[in-house]
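Containing compact mmCIF, C-alpha atoms: final36.txt.
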# COMPACT_ATOMS: atom_id res chain seq x y z
CA MET J 1 -39.54 -5.51 -135.27
CA SER J 2 -36.01 -5.73 -134.09
CA LEU J 3 -33.87 -8.51 -135.49
CA ASP J 4 -31.19 -10.22 -133.52
CA ARG J 5 -28.04 -11.34 -135.28
CA ARG J 6 -29.27 -14.86 -136.00
CA GLN J 7 -32.59 -13.71 -137.44
CA PHE J 8 -30.81 -11.08 -139.53
CA LEU J 9 -28.50 -13.70 -140.98
CA ALA J 10 -31.43 -16.03 -141.66
CA VAL J 11 -33.44 -13.36 -143.49
CA GLY J 12 -30.37 -12.12 -145.34
CA GLY J 13 -29.49 -15.66 -146.35
CA ALA J 14 -33.01 -16.25 -147.66
CA VAL J 15 -32.86 -13.06 -149.70
CA LEU J 16 -29.45 -13.93 -151.14
CA ALA J 17 -30.43 -17.54 -151.85
CA SER J 18 -33.62 -16.60 -153.66
CA ALA J 19 -31.83 -13.87 -155.63
CA ALA J 20 -29.07 -16.27 -156.63
CA LEU J 21 -31.22 -19.32 -157.41
CA ALA J 22 -34.26 -17.75 -158.99
CA PRO J 23 -33.61 -14.36 -160.56
CA GLY J 24 -37.17 -14.10 -161.84
CA MET J 25 -38.73 -14.78 -158.45
CA ARG J 26 -40.78 -12.01 -156.94
CA LEU J 27 -39.14 -10.64 -153.84
CA VAL J 28 -42.12 -8.43 -153.06
CA GLU J 29 -43.79 -11.16 -151.02
CA LEU J 30 -40.73 -11.59 -148.86
CA ALA J 31 -40.57 -7.89 -148.17
CA GLU J 32 -44.28 -7.69 -147.43
CA ALA J 33 -44.45 -10.78 -145.21
CA ARG J 34 -45.98 -9.84 -141.91
CA SER J 35 -43.72 -10.20 -138.90
CA PRO J 36 -45.17 -11.90 -135.80
CA ASP J 37 -45.48 -8.61 -133.92
CA GLN J 38 -47.52 -6.86 -136.62
CA ALA J 39 -51.30 -6.89 -136.46
CA VAL J 40 -53.27 -8.15 -139.43
CA THR J 41 -54.71 -5.42 -141.63
CA ASN J 42 -57.37 -5.17 -144.29
CA ALA J 43 -54.66 -4.73 -146.92
CA GLN J 44 -55.11 -8.47 -147.36
CA ARG J 45 -58.19 -10.59 -147.70
CA TRP J 46 -57.66 -14.31 -147.61
CA GLY J 47 -59.91 -16.40 -149.79
CA ILE J 48 -60.31 -19.84 -151.33
CA LEU J 49 -61.42 -20.53 -154.86
CA VAL J 50 -63.04 -23.94 -155.44
CA ASP J 51 -63.05 -25.39 -158.94
CA THR J 52 -65.85 -27.92 -158.54
CA THR J 53 -65.12 -29.49 -161.94
CA ARG J 54 -61.89 -30.83 -160.44
CA CYS J 55 -63.56 -32.03 -157.25
CA ALA J 56 -63.88 -35.80 -157.66
CA GLU J 57 -66.78 -37.75 -156.24
CA GLY J 58 -65.62 -39.91 -153.36
CA CYS J 59 -62.49 -37.87 -152.68
CA SER J 60 -62.27 -36.58 -149.12
CA ALA J 61 -58.64 -35.46 -148.96
CA CYS J 62 -59.61 -31.99 -147.73
CA VAL J 63 -61.85 -33.37 -144.98
CA SER J 64 -59.30 -35.79 -143.59
CA ALA J 65 -56.54 -33.16 -143.77
CA CYS J 66 -58.73 -30.74 -141.82
CA ASN J 67 -59.53 -33.35 -139.17
CA LYS J 68 -55.86 -34.19 -138.78
CA GLU J 69 -54.59 -30.60 -138.74
CA ASN J 70 -57.15 -29.39 -136.24
CA GLY J 71 -57.26 -32.51 -134.06
CA LEU J 72 -60.96 -33.14 -134.73
CA GLN J 73 -61.48 -36.56 -133.17
CA GLN J 74 -63.68 -38.75 -135.31
CA ASN J 75 -64.15 -41.57 -132.79
CA VAL J 76 -67.12 -39.88 -131.12
CA ARG J 77 -70.88 -40.22 -131.55
CA LEU J 78 -72.07 -39.23 -135.01
CA ASP J 79 -74.42 -36.52 -133.74
CA ILE J 80 -71.61 -34.63 -131.98
CA ARG J 81 -68.78 -35.44 -134.38
CA PRO J 82 -66.93 -32.24 -135.30
CA GLN J 83 -66.91 -31.30 -138.96
CA TRP J 84 -65.31 -28.07 -140.07
CA ILE J 85 -65.40 -28.97 -143.77
CA ARG J 86 -67.69 -31.45 -145.47
CA THR J 87 -68.24 -32.66 -148.99
CA VAL J 88 -71.66 -32.10 -150.48
CA THR J 89 -72.89 -34.15 -153.43
CA LEU J 90 -75.48 -32.56 -155.69
CA GLN J 91 -77.46 -34.31 -158.40
CA ASP J 92 -79.41 -32.60 -161.12
CA GLU J 93 -82.77 -34.38 -161.00
CA GLN J 94 -83.48 -33.82 -164.67
CA THR J 95 -80.15 -34.80 -166.18
CA GLY J 96 -78.67 -36.98 -163.48
CA TYR J 97 -75.45 -34.95 -163.49
CA VAL J 98 -73.66 -35.39 -160.16
CA GLN J 99 -71.13 -32.99 -158.74
CA THR J 100 -69.27 -32.80 -155.45
CA LEU J 101 -68.04 -29.72 -153.66
CA PRO J 102 -66.49 -28.89 -150.30
CA MET J 103 -68.57 -26.78 -147.94
CA MET J 104 -67.21 -24.91 -144.96
CA CYS J 105 -67.28 -21.46 -143.39
CA GLN J 106 -67.48 -19.07 -146.34
CA HIS J 107 -65.61 -16.30 -144.45
CA CYS J 108 -68.12 -13.61 -145.34
CA GLU J 109 -67.20 -9.96 -145.54
CA GLU J 110 -70.52 -9.32 -143.74
CA PRO J 111 -70.80 -12.42 -141.52
CA PRO J 112 -74.28 -13.04 -140.07
CA CYS J 113 -72.70 -15.04 -137.23
CA ALA J 114 -70.84 -11.95 -136.04
CA ASP J 115 -74.00 -9.84 -136.40
CA VAL J 116 -75.99 -11.99 -134.00
CA CYS J 117 -73.22 -12.81 -131.50
CA PRO J 118 -74.19 -11.27 -128.15
CA THR J 119 -70.66 -11.20 -126.73
CA GLY J 120 -68.47 -10.33 -129.70
CA ALA J 121 -66.95 -13.80 -129.74
CA SER J 122 -67.80 -14.27 -133.42
CA PHE J 123 -65.83 -11.77 -135.38
CA ARG J 124 -64.20 -11.11 -138.71
CA ARG J 125 -60.48 -10.56 -138.48
CA ALA J 126 -59.15 -7.59 -140.44
CA ASP J 127 -57.73 -9.90 -143.10
CA GLY J 128 -61.11 -11.50 -143.75
CA ILE J 129 -60.90 -14.68 -141.65
CA VAL J 130 -64.06 -15.24 -139.59
CA LEU J 131 -63.26 -16.69 -136.17
CA VAL J 132 -64.73 -17.56 -132.78
CA ASP J 133 -62.90 -16.15 -129.77
CA ARG J 134 -63.60 -19.08 -127.48
CA HIS J 135 -62.43 -17.12 -124.48
CA ILE J 136 -65.58 -15.00 -124.66
CA CYS J 137 -67.95 -17.45 -126.40
CA ILE J 138 -70.80 -18.35 -124.01
CA GLY J 139 -72.08 -21.22 -126.16
CA CYS J 140 -75.48 -19.67 -126.96
CA ARG J 141 -75.33 -20.99 -130.53
CA TYR J 142 -77.08 -17.99 -132.11
CA CYS J 143 -74.33 -18.00 -134.75
CA MET J 144 -75.15 -21.59 -135.65
CA MET J 145 -78.72 -20.55 -136.35
CA ALA J 146 -77.67 -17.44 -138.26
CA CYS J 147 -75.15 -19.12 -140.56
CA PRO J 148 -76.77 -19.84 -143.95
CA TYR J 149 -74.10 -22.46 -144.70
CA LYS J 150 -74.44 -24.54 -141.51
CA ALA J 151 -70.72 -24.11 -141.09
CA ARG J 152 -70.61 -23.92 -137.30
CA SER J 153 -70.90 -26.65 -134.70
CA PHE J 154 -70.90 -26.91 -130.93
CA VAL J 155 -68.56 -28.82 -128.65
CA HIS J 156 -70.82 -30.86 -126.40
CA GLU J 157 -68.39 -32.87 -124.32
CA ASN J 158 -65.05 -32.50 -122.61
CA LEU J 159 -62.14 -32.94 -124.99
CA THR J 160 -58.63 -34.24 -124.58
CA GLY J 161 -55.75 -34.43 -126.98
CA GLN J 162 -56.22 -31.03 -128.62
CA ARG J 163 -53.48 -29.78 -130.92
CA ALA J 164 -51.36 -27.07 -129.32
CA ASP J 165 -52.07 -24.69 -132.20
CA VAL J 166 -55.80 -25.37 -132.22
CA PRO J 167 -57.35 -24.98 -128.77
CA ARG J 168 -60.91 -26.36 -128.61
CA GLY J 169 -63.16 -27.06 -125.67
CA LYS J 170 -66.58 -27.89 -124.32
CA GLY J 171 -69.28 -25.23 -124.33
CA THR J 172 -68.03 -23.20 -127.27
CA VAL J 173 -68.95 -22.97 -130.93
CA GLU J 174 -66.38 -23.72 -133.60
CA GLY J 175 -65.97 -23.77 -137.34
CA CYS J 176 -63.42 -23.52 -140.11
CA ASN J 177 -60.83 -20.90 -139.19
CA MET J 178 -59.03 -21.10 -142.54
CA CYS J 179 -56.14 -22.67 -140.58
CA VAL J 180 -55.38 -19.25 -139.12
CA HIS J 181 -52.35 -20.61 -137.23
CA ARG J 182 -50.85 -21.75 -140.54
CA VAL J 183 -51.79 -18.60 -142.44
CA ASP J 184 -50.09 -16.50 -139.76
CA GLU J 185 -46.93 -18.52 -140.39
CA GLY J 186 -47.17 -17.88 -144.12
CA ARG J 187 -48.46 -21.37 -144.93
CA ILE J 188 -51.63 -22.36 -146.74
CA PRO J 189 -54.65 -24.08 -145.13
CA ALA J 190 -54.41 -27.85 -144.65
CA CYS J 191 -57.37 -28.60 -146.96
CA VAL J 192 -55.82 -26.65 -149.82
CA GLU J 193 -52.45 -28.31 -149.30
CA ALA J 194 -54.03 -31.79 -149.24
CA CYS J 195 -56.18 -31.08 -152.30
CA ASN J 196 -53.14 -30.02 -154.26
CA TYR J 197 -51.17 -33.05 -153.08
CA ASP J 198 -53.67 -35.93 -152.91
CA GLY J 199 -56.80 -34.50 -154.44
CA GLY J 200 -57.84 -32.99 -157.74
CA LYS J 201 -56.13 -29.60 -157.27
CA ALA J 202 -59.54 -28.02 -156.93
CA LEU J 203 -58.67 -25.56 -154.18
CA THR J 204 -56.69 -22.33 -154.54
CA PHE J 205 -55.83 -20.19 -151.54
CA GLY J 206 -54.56 -16.64 -151.65
CA ASP J 207 -54.94 -12.96 -151.05
CA MET J 208 -57.95 -11.73 -153.00
CA ARG J 209 -56.73 -8.12 -152.70
CA ASP J 210 -53.28 -8.80 -154.19
CA PRO J 211 -53.71 -8.32 -157.96
CA ALA J 212 -50.65 -10.48 -158.60
CA SER J 213 -51.96 -13.52 -156.70
CA GLU J 214 -53.33 -16.49 -158.62
CA ILE J 215 -56.69 -16.33 -156.90
CA ALA J 216 -57.19 -12.62 -157.69
CA LYS J 217 -56.17 -13.15 -161.34
CA ARG J 218 -58.56 -16.05 -161.76
CA LEU J 219 -61.40 -14.24 -160.01
CA ALA J 220 -60.82 -11.27 -162.32
CA THR J 221 -60.70 -13.27 -165.55
CA GLN J 222 -62.87 -16.36 -164.99
CA GLN J 223 -66.45 -16.95 -164.01
CA SER J 224 -66.99 -17.71 -160.33
CA GLU J 225 -69.87 -17.44 -157.92
CA GLU J 226 -70.81 -17.27 -154.30
CA ILE J 227 -73.24 -19.73 -152.82
CA ARG J 228 -76.47 -17.87 -152.00
CA PRO J 229 -75.36 -14.60 -153.58
CA ASN J 230 -78.80 -13.13 -152.84
CA LEU J 231 -77.74 -12.70 -149.21
CA ASN J 232 -75.05 -10.17 -150.23
CA LEU J 233 -72.53 -11.62 -147.79
CA ASP J 234 -69.51 -11.18 -150.10
CA THR J 235 -68.00 -14.53 -149.24
CA GLY J 236 -64.29 -15.28 -149.15
CA VAL J 237 -64.88 -18.77 -150.54
CA ARG J 238 -65.90 -18.72 -154.19
CA TYR J 239 -66.94 -21.57 -156.48
CA GLN J 240 -66.45 -22.32 -160.16
CA GLY J 241 -68.41 -24.80 -162.26
CA LEU J 242 -71.55 -24.98 -160.15
CA MET O 1 -68.21 -7.47 -47.65
CA THR O 2 -67.95 -11.25 -48.15
CA HIS O 3 -70.03 -11.00 -51.26
CA HIS O 4 -67.74 -8.24 -52.58
CA ASN O 5 -64.56 -10.35 -51.92
CA LYS O 6 -66.03 -13.27 -53.80
CA THR O 7 -66.76 -11.06 -56.79
CA VAL O 8 -63.17 -9.69 -56.82
CA LEU O 9 -61.70 -13.19 -56.53
CA GLY O 10 -63.93 -14.37 -59.40
CA ALA O 11 -62.78 -11.49 -61.56
CA TRP O 12 -59.12 -12.31 -60.87
CA VAL O 13 -59.59 -15.99 -61.68
CA THR O 14 -61.38 -15.13 -64.91
CA ALA O 15 -58.63 -12.70 -65.92
CA ILE O 16 -55.83 -15.20 -65.19
CA VAL O 17 -57.59 -17.97 -67.11
CA ALA O 18 -58.14 -15.63 -70.05
CA ILE O 19 -54.48 -14.53 -70.13
CA ALA O 20 -53.29 -18.15 -69.92
CA ALA O 21 -55.59 -19.14 -72.73
CA PHE O 22 -54.35 -16.22 -74.84
CA LEU O 23 -50.69 -17.13 -74.23
CA ALA O 24 -51.36 -20.79 -75.05
CA ALA O 25 -53.09 -19.79 -78.25
CA ALA O 26 -50.29 -17.39 -79.16
CA TYR O 27 -47.73 -20.14 -78.52
CA ALA O 28 -49.68 -22.55 -80.68
CA PHE O 29 -49.82 -20.04 -83.54
CA THR O 30 -46.31 -18.66 -83.43
CA GLY O 31 -44.08 -20.06 -80.74
CA GLY O 32 -44.50 -23.79 -81.38
CA PRO O 33 -41.79 -25.94 -82.85
CA ALA O 34 -40.91 -24.54 -86.31
CA LYS O 35 -42.71 -26.46 -89.05
CA PRO O 36 -41.60 -26.03 -92.67
CA VAL O 37 -43.87 -23.68 -94.58
CA PRO O 38 -45.59 -25.70 -97.29
CA SER O 39 -44.21 -24.78 -100.70
CA PRO O 40 -46.11 -25.21 -103.93
CA LEU O 41 -42.89 -25.93 -105.78
CA THR O 42 -41.66 -28.96 -103.83
CA GLY O 43 -40.67 -31.64 -106.32
CA VAL O 44 -41.86 -29.62 -109.29
CA PHE O 45 -39.92 -29.52 -112.56
CA LEU O 46 -39.34 -25.83 -113.09
CA GLY O 47 -38.40 -25.53 -116.73
CA LYS O 48 -36.05 -26.57 -119.51
CA GLY O 49 -34.70 -23.08 -120.10
CA LYS O 50 -32.14 -21.40 -117.90
CA LYS O 51 -34.14 -18.24 -117.52
CA CYS O 52 -37.79 -17.29 -117.65
CA VAL O 53 -39.13 -14.71 -120.09
CA ALA O 54 -39.37 -12.15 -117.28
CA PRO O 55 -38.03 -11.96 -113.71
CA VAL O 56 -39.58 -14.61 -111.48
CA ALA O 57 -41.24 -12.10 -109.14
CA ILE O 58 -42.91 -10.39 -112.09
CA MET O 59 -44.01 -13.69 -113.59
CA ARG O 60 -45.48 -14.86 -110.28
CA ARG O 61 -47.63 -11.83 -109.89
CA TYR O 62 -48.46 -10.92 -113.47
CA HIS O 63 -48.28 -14.05 -115.65
CA MET O 64 -52.06 -14.16 -115.91
CA GLN O 65 -52.18 -10.61 -117.20
CA PHE O 66 -49.45 -11.30 -119.76
CA LEU O 67 -51.38 -14.34 -120.98
CA LEU O 68 -54.68 -12.44 -121.08
CA HIS O 69 -53.14 -9.56 -122.97
CA GLN O 70 -51.35 -11.78 -125.46
CA ARG O 71 -54.46 -13.91 -125.94
CA ASP O 72 -56.46 -10.91 -127.15
CA LEU O 73 -53.64 -9.74 -129.40
CA THR O 74 -53.23 -13.22 -130.86
CA VAL O 75 -56.87 -14.13 -131.43
CA HIS O 76 -58.09 -10.78 -132.72
CA GLU O 77 -55.03 -9.28 -134.39
CA GLY O 78 -52.95 -12.30 -135.33
CA ILE O 79 -49.96 -11.13 -133.27
CA ARG O 80 -47.96 -14.19 -132.34
CA THR O 81 -44.84 -12.91 -130.61
CA GLN O 82 -43.06 -15.75 -128.87
CA ARG O 83 -42.43 -14.27 -125.48
CA PHE O 84 -45.75 -14.67 -123.68
CA LEU O 85 -47.26 -17.29 -125.97
CA LEU O 86 -48.93 -20.02 -123.90
CA THR O 87 -47.59 -22.78 -126.15
CA ASN O 88 -44.06 -21.61 -125.38
CA CYS O 89 -44.76 -21.57 -121.63
CA VAL O 90 -45.98 -25.17 -121.91
CA ASP O 91 -43.06 -26.23 -124.10
CA CYS O 92 -40.59 -25.08 -121.47
CA HIS O 93 -42.40 -25.84 -118.21
CA ALA O 94 -43.89 -29.27 -118.99
CA ASP O 95 -42.38 -32.00 -116.84
CA PRO O 96 -40.44 -34.39 -119.10
CA LYS O 97 -41.61 -37.33 -116.94
CA THR O 98 -45.33 -36.68 -117.35
CA ASN O 99 -45.00 -34.58 -120.51
CA SER O 100 -47.46 -32.10 -119.01
CA VAL O 101 -47.83 -28.95 -116.93
CA LEU O 102 -50.76 -30.57 -115.11
CA GLY O 103 -50.81 -33.37 -112.53
CA LYS O 104 -49.78 -33.32 -108.88
CA HIS O 105 -46.30 -31.99 -109.58
CA GLY O 106 -47.17 -30.14 -112.77
CA PHE O 107 -45.76 -26.63 -113.00
CA CYS O 108 -49.15 -24.98 -113.47
CA ALA O 109 -51.39 -27.38 -111.55
CA SER O 110 -49.33 -27.72 -108.37
CA CYS O 111 -49.19 -24.00 -107.70
CA HIS O 112 -52.81 -23.36 -108.57
CA ALA O 113 -53.88 -26.22 -106.31
CA TYR O 114 -51.78 -24.68 -103.52
CA ALA O 115 -53.31 -21.25 -104.11
CA ALA O 116 -56.82 -22.70 -104.58
CA VAL O 117 -57.09 -21.05 -107.98
CA GLN O 118 -59.07 -22.99 -110.51
CA ILE O 119 -57.89 -22.31 -114.04
CA ASP O 120 -59.62 -23.52 -117.15
CA CYS O 121 -56.88 -22.78 -119.68
CA PHE O 122 -56.27 -26.47 -120.21
CA SER O 123 -59.84 -27.50 -120.88
CA CYS O 124 -59.14 -26.10 -124.36
CA HIS O 125 -55.37 -25.57 -124.60
CA SER O 126 -53.01 -28.51 -124.73
CA PRO O 127 -51.01 -29.08 -121.52
CA HIS O 128 -48.43 -31.07 -123.48
CA PRO O 129 -45.36 -29.59 -125.14
CA GLN O 130 -45.55 -29.22 -128.88
CA ARG O 131 -41.91 -28.66 -129.78
CA GLU O 132 -38.73 -30.44 -128.91
CA GLN O 133 -36.44 -29.29 -126.16
CA GLU O 134 -33.87 -27.59 -128.37
CA THR O 135 -36.28 -24.89 -129.46
CA ALA O 136 -37.91 -24.54 -126.06
CA THR O 137 -34.91 -22.94 -124.45
CA SER O 138 -34.19 -19.64 -122.84
CA ALA O 139 -33.64 -18.22 -126.33
CA ILE O 140 -37.30 -17.26 -126.17
CA ALA O 141 -36.47 -15.12 -123.14
CA LEU O 142 -34.53 -12.88 -125.49
CA ALA O 143 -37.08 -13.02 -128.29
CA PRO O 144 -38.67 -9.73 -129.24
CA GLN O 145 -41.93 -9.04 -127.49
CA HIS O 146 -44.81 -7.02 -128.77
CA SER O 147 -44.38 -3.34 -128.04
CA ARG O 148 -47.74 -3.07 -126.28
CA ILE O 149 -46.83 -5.87 -123.87
CA ALA O 150 -43.37 -4.41 -123.37
CA GLU O 151 -44.97 -1.10 -122.47
CA MET O 152 -47.26 -2.76 -119.99
CA VAL O 153 -44.37 -4.57 -118.32
CA SER O 154 -42.05 -1.60 -118.13
CA LYS O 155 -44.47 1.12 -117.05
CA THR O 156 -46.68 -0.39 -114.42
CA MET O 157 -45.23 -3.56 -113.09
CA VAL O 158 -41.57 -2.90 -112.70
CA THR O 159 -42.20 0.27 -110.70
CA GLU O 160 -44.66 -1.57 -108.49
CA LEU O 161 -42.24 -4.38 -107.88
CA GLN O 162 -39.31 -2.18 -106.95
CA SER O 163 -40.43 -2.13 -103.32
CA GLU O 164 -40.73 -5.92 -103.17
CA PRO O 165 -37.96 -8.40 -102.56
CA VAL O 166 -37.03 -10.31 -105.69
CA ASP O 167 -36.86 -13.97 -104.81
CA GLY O 168 -37.42 -17.31 -106.38
CA PRO O 169 -35.80 -20.69 -106.66
CA LYS O 170 -34.25 -19.94 -110.02

Please render this file's structure as structure tokens.
Amino acid sequence: MSLDRRQFLAVGGAVLASAALAPGMRLVELAEARSPDQAVTNAQRWGILVDTTRCAEGCSACVSACNKENGLQQNVRLDIRPQWIRTVTLQDEQTGYVQTLPMMCQHCEEPPCADVCPTGASFRRADGIVLVDRHICIGCRYCMMACPYKARSFVHENLTGQRADVPRGKGTVEGCNMCVHRVDEGRIPACVEACNYDGGKALTFGDMRDPASEIAKRLATQQSEEIRPNLNLDTGVRYQGL
Amino acid sequence: MTHHNKTVLGAWVTAIVAIAAFLAAAYAFTGGPAKPVPSPLTGVFLGKGKKCVAPVAIMRRYHMQFLLHQRDLTVHEGIRTQRFLLTNCVDCHADPKTNSVLGKHGFCASCHAYAAVQIDCFSCHSPHPQREQETATSAIALAPQHSRIAEMVSKTMVTELQSEPVDGPK
């Protein structure tokens, strides 16, 4: 990547400012940040860790943040209302213990949706985010049947008012994309941001392959599990306290 | 003899009528009073920036290939260089009056209606600008582009276009 003078000054200023203000701050991340003209690689794998013990019943901060960020209109018929993340409430029939957890695309390392896709529209990006390329999606909905988490949905009607960063349209399948437009800018997904701001701080986002990241440290030292581990999908979304 | 004369006369009359009809048709097609050639860009807001991200002649012929190429890079590899990003095209070319690139005088819609090309970009993508005017300037024209797109532009298209007149309203 070539830097023009303004960008060079901006980057240099950021380096100087962080060195001056926070001597203990890690500069490795700044140096390793991907520039917009670099392709994603499998050196990273983005993941979300859900601490269900912090997930309060009745809280839907993550869901409303997702709807807002991705322009998912909620003023449509219930049976075609888009839902990229949902809260699931579970009750233990014997003890009556109730717990709530968010459920969305689990961003599998071996995604069944991509296995069954006849056009290659469902795919796993090198950094672990599972996406639909709507340009080549033919709307067959095989992926919706293959997904064990019911994380995908279909756009049935013409849409207006899409967000510029989140193109969506009739005849294609969609699902959580881990806010890929935000991740590419170096930001965290909207649900995680909202949970840490309004919610119970149950969600942690990060690079599971970076041993220094919070998510990798916690996955290495604390108990966590996949939902339906018997399928051997190696999900990118992991749960604690189930 | 009489019969033969009549046949010759008939042939002459037919030939003269045919030539007259041909000349009339030719006049109607070419020699009539000069009418303005319809232009797809009449009354169209062209853009907020001073300069497009590539020469106008190149953009006219190859913008769809730039968008297609960048779309695959962006969706599959996460490459989001600014130069041929559709959101940046929309930010700059949207008409401030309608806040859109669609509509009768929209930058995209007017030309595609003229050329009878039906595009479906905007059944999914937003035709409205996302950013304010100050960032949607010709600064993007100088922004770095992805090397693979740069290669495509420089190798194939510029050599092809050298034989063509470079024109355009801007």

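Closest to chain O among J:Arg228, J:Lys150, J:Arg209, J:Arg134 is J:Arg134, based on all atoms listed in the file.
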
Hey, which bits of chain O sit within 10 Å of chain J, and for each residue what's the closest pair of atoms and how far apart in Å (one decimal), counting all atoms listed in the file, rows by chain and increasing number, as a tab-separated table?
residue	atom	partner	partner_atom	distance
O:Leu68	CA	J:His135	CA	9.7
O:Arg71	CA	J:His135	CA	8.7
O:Asp72	CA	J:Asp133	CA	8.7
O:Leu73	CA	J:Ala39	CA	8.0
O:Thr74	CA	J:Ala39	CA	8.7
O:Val75	CA	J:Asp133	CA	6.6
O:His76	CA	J:Arg125	CA	6.2
O:Glu77	CA	J:Ala39	CA	4.9
O:Gly78	CA	J:Ala39	CA	5.8
O:Ile79	CA	J:Asp37	CA	5.2
O:Arg80	CA	J:Pro36	CA	5.0
O:Thr81	CA	J:Pro36	CA	5.3
O:Gln82	CA	J:Pro36	CA	8.2
O:Leu86	CA	J:Ala164	CA	9.2
O:Thr87	CA	J:Ala164	CA	6.5
O:Asn88	CA	J:Ala164	CA	9.9
O:Val90	CA	J:Ala164	CA	9.4
O:Asp91	CA	J:Ala164	CA	9.8
O:Asp120	CA	J:Gly169	CA	9.9
O:Cys121	CA	J:His135	CA	9.3
O:Phe122	CA	J:Pro167	CA	8.8
O:Ser123	CA	J:Gly169	CA	5.8
O:Cys124	CA	J:Gly169	CA	4.3
O:His125	CA	J:Pro167	CA	4.7
O:Ser126	CA	J:Ala164	CA	5.1
O:Pro127	CA	J:Ala164	CA	8.1
O:His128	CA	J:Ala164	CA	7.7
O:Pro129	CA	J:Ala164	CA	7.7
O:Gln130	CA	J:Ala164	CA	6.2
O:Arg131	CA	J:Ala164	CA	9.6
O:Leu142	CA	J:Asp4	CA	9.1
O:Ala143	CA	J:Asp4	CA	8.4
O:Pro144	CA	J:Ser2	CA	6.8
O:Gln145	CA	J:Asp37	CA	7.4
O:His146	CA	J:Asp37	CA	5.4
O:Ser147	CA	J:Asp37	CA	8.0
O:Arg148	CA	J:Asp37	CA	9.7

- Contact residues around Lys68 of chain J with all atoms listed in the file at 10 Å, ignoring same-chain residues under 6 positions, as a VMD selection string: chain J and resid 62 74 163 190

- In Å, how far is it from atom CA of Pro96 of chain O to atom CA of Cys52 of chain O?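 We find that atom CA of Pro96 of chain O and atom CA of Cys52 of chain O lie 17.4 Å from each other.
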
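Going from atom CA of Val116 of chain J to atom CA of Thr235 of chain J covers 17.4 Å.
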
Find the smallest box with edges along x, y and z containing every listed atom of segment 87-99 of chain J, then add 5 Å on each side and report centre and edge lengths in Å to one decimal, as JSON.
{"center_x": -75.9, "center_y": -34.5, "center_z": -157.6, "size_x": 25.2, "size_y": 14.9, "size_z": 27.2}

- Message: Please list as an MDAnalysis selection string every residue within 10 Å of Ser39 of chain O, counting only C-alpha atoms and excluding residues in the same chain fewer than 6 positions away.
- Response: chainID O and resid 110:111 114

- Message: Restricting the calculation to only C-alpha atoms: of J:Leu90, J:Val192, J:Leu203, J:Ala220, which residue gets closest to Glu57 of chain J?
- Response: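 Looking only at the distances to Glu57 of chain J, the closest residue turns out to be J:Leu90.
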
- Take atom CA of Cys108 of chain O and atom CA of Gly43 of chain O and report the distance between them in Å, one decimal.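 Atom-to-atom, atom CA of Cys108 of chain O and atom CA of Gly43 of chain O are spaced 12.9 Å apart.
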